[in-house]
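Visitor: Input protein.txt, format and content: compact mmCIF, C-alpha atoms.
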# COMPACT_ATOMS: atom_id res chain seq x y z
CA THR Q 1 0.40 123.91 -19.14
CA PRO Q 2 -1.61 120.72 -18.69
CA THR Q 3 -4.15 119.74 -21.34
CA LEU Q 4 -7.62 118.31 -20.65
CA VAL Q 5 -10.07 116.75 -23.14
CA VAL Q 6 -13.79 117.10 -22.30
CA GLY Q 7 -16.65 115.26 -24.01
CA CYS Q 8 -20.28 114.48 -23.21
CA ASP Q 9 -23.28 112.43 -24.33
CA ALA Q 10 -26.87 113.64 -24.87
CA ARG Q 11 -28.41 113.01 -21.45
CA TYR Q 12 -30.16 115.62 -19.37
CA GLY Q 13 -27.57 118.05 -18.06
CA SER Q 14 -24.66 116.60 -20.03
CA SER Q 15 -24.06 119.74 -22.09
CA GLU Q 16 -24.20 122.04 -19.06
CA PHE Q 17 -21.99 119.71 -16.99
CA ALA Q 18 -19.38 119.51 -19.76
CA THR Q 19 -19.37 123.29 -20.24
CA ALA Q 20 -18.90 123.84 -16.51
CA ALA Q 21 -16.00 121.34 -16.46
CA CYS Q 22 -14.34 123.21 -19.32
CA ARG Q 23 -14.71 126.59 -17.63
CA VAL Q 24 -13.46 125.39 -14.23
CA ALA Q 25 -10.38 123.81 -15.79
CA SER Q 26 -9.70 126.91 -17.88
CA ALA Q 27 -9.79 129.18 -14.84
CA ALA Q 28 -7.34 126.81 -13.12
CA GLY Q 29 -4.83 127.36 -15.92
CA VAL Q 30 -5.57 124.18 -17.88
CA ARG Q 31 -5.71 124.12 -21.68
CA VAL Q 32 -9.11 122.59 -22.48
CA LEU Q 33 -9.92 120.74 -25.70
CA ALA Q 34 -13.71 120.67 -25.94
CA LEU Q 35 -15.03 117.84 -28.12
CA PRO Q 36 -18.25 118.12 -30.14
CA GLN Q 37 -21.13 117.48 -27.76
CA ALA Q 38 -23.46 114.47 -27.85
CA ASN Q 39 -20.85 111.96 -29.01
CA PRO Q 40 -19.71 108.47 -27.92
CA THR Q 41 -17.62 107.88 -24.83
CA PRO Q 42 -14.83 106.11 -26.79
CA LEU Q 43 -14.20 109.34 -28.72
CA THR Q 44 -13.00 110.94 -25.48
CA SER Q 45 -10.61 108.09 -24.68
CA PHE Q 46 -9.32 108.24 -28.24
CA ALA Q 47 -8.86 112.02 -28.06
CA VAL Q 48 -6.69 111.77 -24.93
CA ARG Q 49 -4.18 109.71 -26.89
CA HIS Q 50 -4.68 111.52 -30.19
CA TYR Q 51 -3.91 114.96 -28.72
CA GLY Q 52 -1.38 113.77 -26.14
CA ALA Q 53 -3.58 115.22 -23.39
CA ASP Q 54 -2.89 114.90 -19.66
CA ALA Q 55 -6.42 113.81 -18.77
CA GLY Q 56 -9.90 113.33 -20.17
CA VAL Q 57 -13.40 113.85 -18.78
CA MET Q 58 -16.50 112.26 -20.32
CA VAL Q 59 -19.86 113.39 -18.97
CA THR Q 60 -22.16 110.37 -19.22
CA ALA Q 61 -24.28 107.96 -17.21
CA SER Q 62 -23.71 105.22 -19.80
CA HIS Q 63 -26.68 102.82 -19.62
CA ASN Q 64 -28.07 104.03 -16.29
CA PRO Q 65 -31.71 105.18 -15.88
CA ALA Q 66 -32.78 108.37 -17.64
CA PRO Q 67 -32.51 110.77 -14.64
CA ASP Q 68 -28.87 109.82 -13.92
CA ASN Q 69 -25.66 111.54 -14.95
CA GLY Q 70 -22.01 111.50 -13.97
CA TYR Q 71 -18.59 111.38 -15.57
CA LYS Q 72 -15.63 109.17 -16.36
CA VAL Q 73 -12.03 110.31 -16.00
CA TYR Q 74 -9.16 109.15 -18.19
CA LEU Q 75 -5.45 109.26 -17.40
CA GLY Q 76 -3.09 111.09 -19.71
CA GLY Q 77 0.50 112.10 -20.28
CA SER Q 78 1.43 113.90 -17.06
CA VAL Q 79 0.23 110.93 -14.99
CA VAL Q 80 1.03 107.95 -17.20
CA THR Q 81 2.98 107.68 -20.42
CA GLY Q 82 3.04 105.51 -23.51
CA ASP Q 83 0.55 102.66 -23.60
CA GLY Q 84 -1.19 103.78 -20.42
CA GLN Q 85 -2.61 106.97 -21.88
CA GLY Q 86 -6.38 106.92 -22.29
CA VAL Q 87 -7.04 104.38 -19.50
CA GLN Q 88 -9.75 105.16 -16.94
CA ILE Q 89 -8.58 106.03 -13.44
CA VAL Q 90 -7.24 103.23 -11.24
CA PRO Q 91 -5.44 103.37 -7.86
CA PRO Q 92 -3.63 105.38 -6.64
CA PHE Q 93 -5.03 108.10 -8.91
CA ASP Q 94 -8.62 107.70 -7.71
CA ALA Q 95 -7.63 108.44 -4.11
CA GLU Q 96 -5.60 111.48 -5.19
CA ILE Q 97 -8.59 112.85 -7.11
CA ALA Q 98 -10.90 112.25 -4.13
CA ALA Q 99 -8.49 114.16 -1.88
CA ALA Q 100 -8.42 117.09 -4.32
CA ILE Q 101 -12.24 117.17 -4.40
CA GLU Q 102 -12.35 117.17 -0.60
CA ALA Q 103 -9.90 120.09 -0.47
CA ALA Q 104 -11.84 122.20 -3.00
CA PRO Q 105 -13.98 125.15 -1.83
CA PRO Q 106 -17.79 125.21 -2.30
CA ALA Q 107 -18.89 125.15 -5.93
CA ASP Q 108 -20.05 128.78 -5.98
CA GLU Q 109 -16.56 129.90 -4.92
CA ILE Q 110 -14.68 128.13 -7.71
CA PRO Q 111 -13.57 130.52 -10.51
CA MET Q 112 -14.66 129.86 -14.09
CA ASN Q 113 -13.74 131.32 -17.48
CA ASP Q 114 -13.41 130.38 -21.16
CA ASP Q 115 -9.92 131.78 -21.74
CA LEU Q 116 -8.18 128.47 -22.43
CA VAL Q 117 -11.08 126.55 -23.99
CA GLU Q 118 -10.56 125.39 -27.59
CA ALA Q 119 -13.02 123.43 -29.76
CA VAL Q 120 -11.56 120.33 -31.45
CA ASP Q 121 -13.06 117.55 -33.56
CA PRO Q 122 -11.17 114.24 -33.93
CA ARG Q 123 -14.10 112.29 -35.40
CA GLU Q 124 -12.54 111.92 -38.85
CA GLU Q 125 -9.41 110.38 -37.37
CA TYR Q 126 -11.42 108.14 -35.06
CA VAL Q 127 -13.56 106.81 -37.91
CA ALA Q 128 -10.48 106.18 -40.05
CA GLU Q 129 -8.86 104.15 -37.26
CA ALA Q 130 -12.03 102.17 -36.52
CA VAL Q 131 -12.48 101.20 -40.17
CA THR Q 132 -9.06 99.52 -40.20
CA LEU Q 133 -10.35 96.93 -37.72
CA ALA Q 134 -12.38 95.41 -40.57
CA SER Q 135 -9.45 95.23 -42.95
CA GLY Q 136 -9.82 91.55 -43.75
CA GLU Q 137 -10.85 89.96 -47.01
CA ALA Q 138 -14.47 89.04 -46.36
CA ASP Q 139 -16.29 89.14 -49.70
CA ALA Q 140 -19.76 89.03 -48.11
CA ARG Q 141 -19.54 92.51 -46.61
CA ALA Q 142 -21.61 94.21 -49.28
CA ASP Q 143 -24.42 91.64 -48.99
CA LEU Q 144 -24.55 91.32 -45.19
CA ARG Q 145 -27.88 92.70 -43.95
CA ILE Q 146 -27.49 94.49 -40.63
CA VAL Q 147 -30.14 96.10 -38.41
CA LEU Q 148 -28.63 98.78 -36.15
CA THR Q 149 -30.19 100.45 -33.13
CA ALA Q 150 -28.67 103.20 -30.98
CA MET Q 151 -31.30 102.88 -28.21
CA HIS Q 152 -31.87 106.67 -28.22
CA GLY Q 153 -28.20 107.30 -27.54
CA VAL Q 154 -25.37 109.03 -29.40
CA GLY Q 155 -23.95 106.12 -31.39
CA ALA Q 156 -26.11 105.86 -34.52
CA ALA Q 157 -24.35 108.29 -36.84
CA MET Q 158 -20.77 107.26 -36.09
CA THR Q 159 -21.48 103.52 -36.00
CA ALA Q 160 -23.42 103.62 -39.28
CA ARG Q 161 -20.66 105.65 -40.91
CA VAL Q 162 -17.89 103.28 -39.79
CA LEU Q 163 -19.83 100.27 -41.06
CA ALA Q 164 -20.52 101.98 -44.40
CA GLU Q 165 -16.88 103.01 -44.90
CA ALA Q 166 -15.79 99.47 -44.01
CA GLY Q 167 -17.90 98.16 -46.90
CA PHE Q 168 -21.11 97.11 -45.16
CA ALA Q 169 -23.62 98.66 -47.53
CA LYS Q 170 -26.85 97.16 -46.19
CA VAL Q 171 -27.24 98.73 -42.75
CA SER Q 172 -30.79 99.54 -41.66
CA LEU Q 173 -31.39 101.83 -38.68
CA VAL Q 174 -34.26 101.33 -36.25
CA ALA Q 175 -35.67 104.79 -36.97
CA ALA Q 176 -37.65 105.17 -33.74
CA GLN Q 177 -34.47 104.71 -31.68
CA ALA Q 178 -31.91 106.41 -33.95
CA GLU Q 179 -31.93 109.97 -32.61
CA PRO Q 180 -30.66 110.90 -29.12
CA ASP Q 181 -33.50 111.23 -26.62
CA PRO Q 182 -32.67 111.47 -22.89
CA ASP Q 183 -36.10 110.07 -21.99
CA PHE Q 184 -35.39 106.75 -23.77
CA PRO Q 185 -39.10 106.46 -24.62
CA THR Q 186 -39.19 103.06 -26.36
CA VAL Q 187 -37.16 101.01 -23.87
CA PRO Q 188 -38.04 100.35 -20.23
CA PHE Q 189 -34.36 100.64 -19.28
CA PRO Q 190 -31.61 101.91 -21.66
CA ASN Q 191 -29.39 98.89 -21.21
CA PRO Q 192 -28.92 96.31 -23.99
CA GLU Q 193 -28.58 93.59 -21.33
CA GLU Q 194 -32.19 94.03 -20.21
CA ALA Q 195 -34.96 91.77 -21.48
CA GLY Q 196 -36.97 93.49 -24.19
CA ALA Q 197 -34.28 96.02 -25.11
CA LEU Q 198 -33.86 94.47 -28.57
CA ASP Q 199 -37.53 93.84 -29.31
CA MET Q 200 -37.91 96.60 -31.90
CA ALA Q 201 -34.67 95.60 -33.61
CA ILE Q 202 -35.72 91.94 -33.73
CA GLU Q 203 -39.11 92.86 -35.22
CA GLN Q 204 -37.39 94.88 -37.95
CA ALA Q 205 -34.77 92.18 -38.56
CA ARG Q 206 -37.48 89.56 -39.12
CA ALA Q 207 -39.27 91.85 -41.56
CA GLU Q 208 -36.06 92.57 -43.50
CA ASP Q 209 -34.62 89.03 -43.34
CA ALA Q 210 -31.46 90.45 -41.77
CA ASP Q 211 -28.28 88.54 -40.92
CA LEU Q 212 -27.22 90.44 -37.80
CA ILE Q 213 -28.60 92.85 -35.19
CA ILE Q 214 -26.24 95.38 -33.63
CA ALA Q 215 -27.37 97.47 -30.64
CA VAL Q 216 -25.18 100.13 -29.08
CA ASP Q 217 -25.86 101.44 -25.59
CA PRO Q 218 -26.62 105.16 -25.00
CA ASP Q 219 -22.99 106.34 -24.82
CA ALA Q 220 -21.86 103.84 -27.47
CA ASP Q 221 -19.10 102.10 -25.57
CA ARG Q 222 -20.82 98.71 -25.44
CA CYS Q 223 -22.60 96.75 -28.14
CA ALA Q 224 -25.12 93.93 -27.93
CA LEU Q 225 -25.65 91.52 -30.80
CA ALA Q 226 -28.39 89.14 -31.85
CA VAL Q 227 -28.26 86.49 -34.54
CA PRO Q 228 -30.76 84.27 -36.36
CA ASP Q 229 -31.42 81.08 -34.39
CA PRO Q 230 -33.52 78.28 -35.91
CA HIS Q 231 -34.30 76.93 -32.44
CA ALA Q 232 -35.50 80.18 -30.84
CA GLU Q 233 -39.18 81.05 -30.54
CA ALA Q 234 -38.57 84.55 -31.89
CA GLU Q 235 -36.19 83.15 -34.54
CA TRP Q 236 -33.43 85.37 -33.07
CA THR Q 237 -31.11 84.91 -30.11
CA PRO Q 238 -29.24 87.71 -28.33
CA LEU Q 239 -25.61 86.80 -27.73
CA SER Q 240 -24.22 87.23 -24.23
CA GLY Q 241 -21.23 89.45 -23.60
CA ASP Q 242 -19.14 86.34 -22.97
CA GLN Q 243 -20.18 84.79 -26.28
CA ILE Q 244 -19.34 88.00 -28.17
CA GLY Q 245 -15.93 88.29 -26.51
CA CYS Q 246 -15.07 84.65 -27.12
CA LEU Q 247 -16.15 84.73 -30.76
CA LEU Q 248 -14.05 87.84 -31.37
CA GLY Q 249 -11.11 86.39 -29.45
CA GLU Q 250 -11.22 83.17 -31.49
CA PHE Q 251 -11.63 85.13 -34.73
CA LEU Q 252 -8.64 87.39 -34.06
CA ALA Q 253 -6.43 84.58 -32.82
CA SER Q 254 -7.33 82.29 -35.74
CA ARG Q 255 -6.28 85.03 -38.15
CA GLY Q 256 -2.75 84.80 -36.79
CA LEU Q 257 -2.63 87.79 -34.43
CA ARG Q 258 -0.14 87.14 -31.67
CA GLY Q 259 -0.17 88.56 -28.14
CA SER Q 260 -2.57 88.51 -25.20
CA LEU Q 261 -6.27 88.24 -24.51
CA ALA Q 262 -7.96 89.36 -21.29
CA ASN Q 263 -11.26 89.26 -19.44
CA SER Q 264 -12.50 90.12 -15.96
CA ILE Q 265 -13.15 87.68 -13.14
CA VAL Q 266 -16.94 87.82 -13.62
CA SER Q 267 -16.63 86.64 -17.22
CA SER Q 268 -16.50 83.21 -18.82
CA ARG Q 269 -13.34 81.12 -18.60
CA LEU Q 270 -13.77 80.15 -22.23
CA LEU Q 271 -11.61 83.02 -23.51
CA ALA Q 272 -8.68 81.78 -21.40
CA ARG Q 273 -9.05 78.35 -22.95
CA ILE Q 274 -9.13 79.85 -26.44
CA ALA Q 275 -5.97 81.84 -25.69
CA ARG Q 276 -4.10 78.78 -24.43
CA SER Q 277 -5.13 76.77 -27.48
CA HIS Q 278 -3.56 79.39 -29.74
CA GLY Q 279 -0.43 79.72 -27.61
CA LEU Q 280 -1.38 83.21 -26.42
CA GLU Q 281 -1.07 84.86 -23.03
CA HIS Q 282 -4.24 85.43 -21.05
CA HIS Q 283 -4.90 87.88 -18.21
CA THR Q 284 -7.78 87.75 -15.71
CA THR Q 285 -8.55 91.14 -14.20
CA LEU Q 286 -10.85 92.78 -11.70
CA THR Q 287 -14.31 93.81 -12.93
CA GLY Q 288 -14.42 96.69 -15.41
CA PHE Q 289 -12.65 97.65 -18.59
CA LYS Q 290 -10.37 100.05 -16.73
CA TRP Q 291 -8.68 96.94 -15.33
CA ILE Q 292 -8.57 95.20 -18.70
CA ALA Q 293 -6.96 98.31 -20.19
CA ASP Q 294 -4.65 98.60 -17.18
CA VAL Q 295 -2.97 95.39 -18.30
CA ILE Q 296 -1.60 97.45 -21.19
CA ARG Q 297 -0.52 100.32 -18.93
CA LYS Q 298 1.41 98.06 -16.57
CA ASN Q 299 3.30 96.38 -19.39
CA GLU Q 300 4.25 99.71 -21.03
CA GLY Q 301 4.78 98.54 -24.57
CA LYS Q 302 6.07 95.08 -23.68
CA LEU Q 303 2.70 93.45 -24.34
CA ASN Q 304 1.25 92.82 -27.78
CA TYR Q 305 -2.37 93.02 -26.72
CA ILE Q 306 -5.02 91.59 -29.03
CA GLY Q 307 -8.05 92.57 -26.98
CA GLY Q 308 -10.32 91.85 -24.06
CA GLY Q 309 -13.99 91.41 -23.24
CA GLU Q 310 -16.40 91.24 -20.34
CA GLU Q 311 -19.76 89.60 -19.66
CA SER Q 312 -21.49 92.99 -19.46
CA TYR Q 313 -20.77 93.52 -23.17
CA GLY Q 314 -18.04 95.47 -24.85
CA PHE Q 315 -14.70 94.60 -26.40
CA LEU Q 316 -11.41 96.46 -26.31
CA ARG Q 317 -8.81 96.48 -29.04
CA GLU Q 318 -5.58 98.15 -27.99
CA ASP Q 319 -4.71 99.49 -31.44
CA PHE Q 320 -5.89 103.05 -30.90
CA ILE Q 321 -8.08 103.23 -27.80
CA ARG Q 322 -7.84 102.24 -24.14
CA ASP Q 323 -11.51 101.67 -23.41
CA LYS Q 324 -14.29 99.50 -24.77
CA SER Q 325 -15.92 100.84 -27.90
CA SER Q 326 -19.12 99.69 -29.56
CA VAL Q 327 -18.09 101.51 -32.73
CA SER Q 328 -14.94 99.43 -33.24
CA ALA Q 329 -16.46 96.23 -31.79
CA CYS Q 330 -19.38 96.47 -34.22
CA CYS Q 331 -16.97 96.79 -37.11
CA MET Q 332 -15.00 93.73 -35.99
CA PHE Q 333 -18.09 91.63 -35.44
CA ALA Q 334 -19.60 92.59 -38.80
CA GLU Q 335 -16.32 91.49 -40.36
CA LEU Q 336 -16.61 88.20 -38.46
CA ALA Q 337 -20.18 87.71 -39.73
CA ALA Q 338 -19.08 88.38 -43.32
CA TRP Q 339 -16.10 86.02 -42.90
CA ALA Q 340 -18.47 83.28 -41.68
CA ALA Q 341 -20.89 83.94 -44.56
CA ASP Q 342 -18.05 83.52 -47.06
CA ARG Q 343 -17.65 80.00 -45.63
CA GLY Q 344 -21.35 79.21 -45.76
CA MET Q 345 -21.78 79.52 -41.99
CA SER Q 346 -23.97 81.57 -39.71
CA ILE Q 347 -22.82 83.15 -36.43
CA TYR Q 348 -25.01 80.64 -34.61
CA GLN Q 349 -23.17 77.76 -36.31
CA LEU Q 350 -19.82 79.39 -35.61
CA LEU Q 351 -20.66 79.61 -31.91
CA GLN Q 352 -21.60 75.90 -31.84
CA GLN Q 353 -18.27 75.15 -33.51
CA VAL Q 354 -16.45 77.04 -30.75
CA PHE Q 355 -18.30 75.00 -28.12
CA VAL Q 356 -17.44 71.73 -29.89
CA GLU Q 357 -13.77 72.65 -30.09
CA TYR Q 358 -13.24 74.15 -26.63
CA GLY Q 359 -16.10 72.80 -24.51
CA LEU Q 360 -19.59 74.09 -23.71
CA TYR Q 361 -19.54 77.06 -21.35
CA LYS Q 362 -23.01 78.08 -20.17
CA ASP Q 363 -23.53 81.43 -18.48
CA GLN Q 364 -26.48 83.60 -17.61
CA GLY Q 365 -26.69 87.17 -16.30
CA VAL Q 366 -29.29 88.19 -13.71
CA SER Q 367 -30.25 91.86 -13.53
CA VAL Q 368 -31.98 93.23 -10.43
CA VAL Q 369 -33.37 96.77 -10.51
CA ARG Q 370 -34.11 98.32 -7.12
CA LYS Q 371 -36.24 101.46 -6.78
Please go through the file and, once you have read it, give me the structure as structure tokens.
Guide:
Amino acid sequence: TPTLVVGCDARYGSSEFATAACRVASAAGVRVLALPQANPTPLTSFAVRHYGADAGVMVTASHNPAPDNGYKVYLGGSVVTGDGQGVQIVPPFDAEIAAAIEAAPPADEIPMNDDLVEAVDPREEYVAEAVTLASGEADARADLRIVLTAMHGVGAAMTARVLAEAGFAKVSLVAAQAEPDPDFPTVPFPNPEEAGALDMAIEQARAEDADLIIAVDPDADRCALAVPDPHAEAEWTPLSGDQIGCLLGEFLASRGLRGSLANSIVSSRLLARIARSHGLEHHTTLTGFKWIADVIRKNEGKLNYIGGGEESYGFLREDFIRDKSSVSACCMFAELAAWAADRGMSIYQLLQQVFVEYGLYKDQGVSVVRK
């Protein structure tokens, strides 16, 4: 009997869509593990591996406009084995799924029942794994002042808990954006890449004299960061996805981790230069974290994979998940900020140091919204 994990975020229709997916799979003879609703996308990828499932479905529209919804599909044990489990669909599996959809009868003719649906909750295990990613020796953790915003998504509770259990005691939530709200009332577009998305967090960070801003997108698989900048008009500068990935890559490599780093073709070439400097392998992939994670699947245990990033934010550590996760990335970056503070440095100074050592790489994203 195949096993399917189903999760969902808090958007309009997500709960109903997830329930329908569970009932359709159950009637088809599939054992369904239903995750707690309104939780981060990375929890679903984690659960596929944690339960040894054959597939995973996450109902989410990520950072799309409020009216949107959809779902992501993860590969599991009956399709791929070992290190490939928990990776989003890639060819040839996408074409096989499309063919199955085409062959299906109309929706009102598809049987549904709850016979094989079982509620599960792997959040404790997920949090425990995420906390280990900040297992360094940074003494400044307890004093690091962090402002956290979930942008009306599902990431506030789990991200705040992971940071607290990792020793970051001074985490302040942007209260107006902390609870899930599918209307996203305080942001023009629920995407941390968009101009103005961090305005409320920056205002609070200035008032609290914070050291770091962390913003997670609505389904909590990507995180945006901003740091104090003495040269910026607002006194804070958002970091680009490339800068975040390169800082984390340099931090992990400089701590002696051996293996590979990866980024997609639309991302900065700086991470490749960092990898070469440390004697590490580097892989350039197609756009999307499913391709970054697919590097692991194709090597089937032969690759010691440190992690990978992309310009659209997000960072993937292969330790326990096969997708980007803001929850784990936030923990790693907070550890990096505390590590820098122990050495009397800010993140802004650390970034300048990276540029001095490896060369200045300048990049800029352009977002075009069409209605």
Visitor: Could you tell me how far atom CA of Q:Lys170 lies from atom CA of Q:Arg141, in Å and to one decimal?
Guide: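 That distance, rounded to one decimal, is 8.7 Å.
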Visitor: Show which residues sit within 9 Å of stretch 288-291 of chain Q, as a VMD selection string. Count all atoms listed in the file, and ignore same-chain residues fewer than 5 positions away.
Guide: chain Q and resid 87 to 90 263 to 264 308 to 310 312 314 to 316 322 to 324
Visitor: Now that the selection is made, can you save its residues with C-alpha atoms as a CSV table (one decimal), in the coordinates of the input?
Guide:
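Saved as result_11.csv:
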chain,number,residue,atom,x,y,z
Q,87,VAL,CA,-7.0,104.4,-19.5
Q,88,GLN,CA,-9.8,105.2,-16.9
Q,89,ILE,CA,-8.6,106.0,-13.4
Q,90,VAL,CA,-7.2,103.2,-11.2
Q,263,ASN,CA,-11.3,89.3,-19.4
Q,264,SER,CA,-12.5,90.1,-16.0
Q,308,GLY,CA,-10.3,91.8,-24.1
Q,309,GLY,CA,-14.0,91.4,-23.2
Q,310,GLU,CA,-16.4,91.2,-20.3
Q,312,SER,CA,-21.5,93.0,-19.5
Q,314,GLY,CA,-18.0,95.5,-24.8
Q,315,PHE,CA,-14.7,94.6,-26.4
Q,316,LEU,CA,-11.4,96.5,-26.3
Q,322,ARG,CA,-7.8,102.2,-24.1
Q,323,ASP,CA,-11.5,101.7,-23.4
Q,324,LYS,CA,-14.3,99.5,-24.8
Visitor: In the coordinate frame of the file, compute which residues have an atom within 6 Å of (-26.5, 86.7, -19.5) when using all atoms listed in the file, and state them as a list in words.
Guide: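 Result, sorted by chain then residue number: Ser240, Gln364 and Gly365 of chain Q.
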Visitor: From the list Q:Ser346, Q:Ser45, Q:Asn64, Q:Ser26, which residue is nearest Q:Pro111 when using all atoms listed in the file?
Guide: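 The shortest atom-to-atom distance to Q:Pro111 comes from Q:Ser26.
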Visitor: Rank nothing, just name the residue among Q:Val366, Q:Pro190, Q:Val356, Q:Ala262 nearest to Q:Leu286, using all atoms listed in the file.
Guide: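 So, comparing all the options, the nearest one is Q:Ala262.
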Visitor: Between atom CA of Q:Gly7 and atom CA of Q:Ala27, what is the spacing in Å?
Guide: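 Computing it gives 18.0 Å between the two atoms.
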Visitor: Need to verify the contact set: stretch 213-215 of chain Q, 7 Å, only C-alpha atoms, exclusion of same-chain residues closer than 3 positions in sequence. Can you return it as JSON, numbers by chain?
Guide: {"Q": [146, 147, 148, 149, 150, 192, 201, 223, 224, 225, 226, 227, 330]}
Visitor: Determine, counting only C-alpha atoms, which protein, DNA and RNA residues have an atom within 10 Å of an atom of Q:Glu165; residues of the same chain fewer than 4 positions away are not included. Present the result as a PyMOL selection string.
Guide: chain Q and resi 127-128+130-132+134+160-161+169+331
Visitor: Dump C-alpha atoms for the selected residues as an mmCIF file, in the frame of the given file?
Guide:
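As a result, part_27.cif now contains:
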data_model
loop_
_atom_site.group_PDB
_atom_site.id
_atom_site.type_symbol
_atom_site.label_atom_id
_atom_site.label_comp_id
_atom_site.auth_asym_id
_atom_site.auth_seq_id
_atom_site.Cartn_x
_atom_site.Cartn_y
_atom_site.Cartn_z
ATOM 1 C CA VAL Q 127 -13.560 106.810 -37.910
ATOM 2 C CA ALA Q 128 -10.480 106.180 -40.050
ATOM 3 C CA ALA Q 130 -12.030 102.170 -36.520
ATOM 4 C CA VAL Q 131 -12.480 101.200 -40.170
ATOM 5 C CA THR Q 132 -9.060 99.520 -40.200
ATOM 6 C CA ALA Q 134 -12.380 95.410 -40.570
ATOM 7 C CA ALA Q 160 -23.420 103.620 -39.280
ATOM 8 C CA ARG Q 161 -20.660 105.650 -40.910
ATOM 9 C CA ALA Q 169 -23.620 98.660 -47.530
ATOM 10 C CA CYS Q 331 -16.970 96.790 -37.110
#
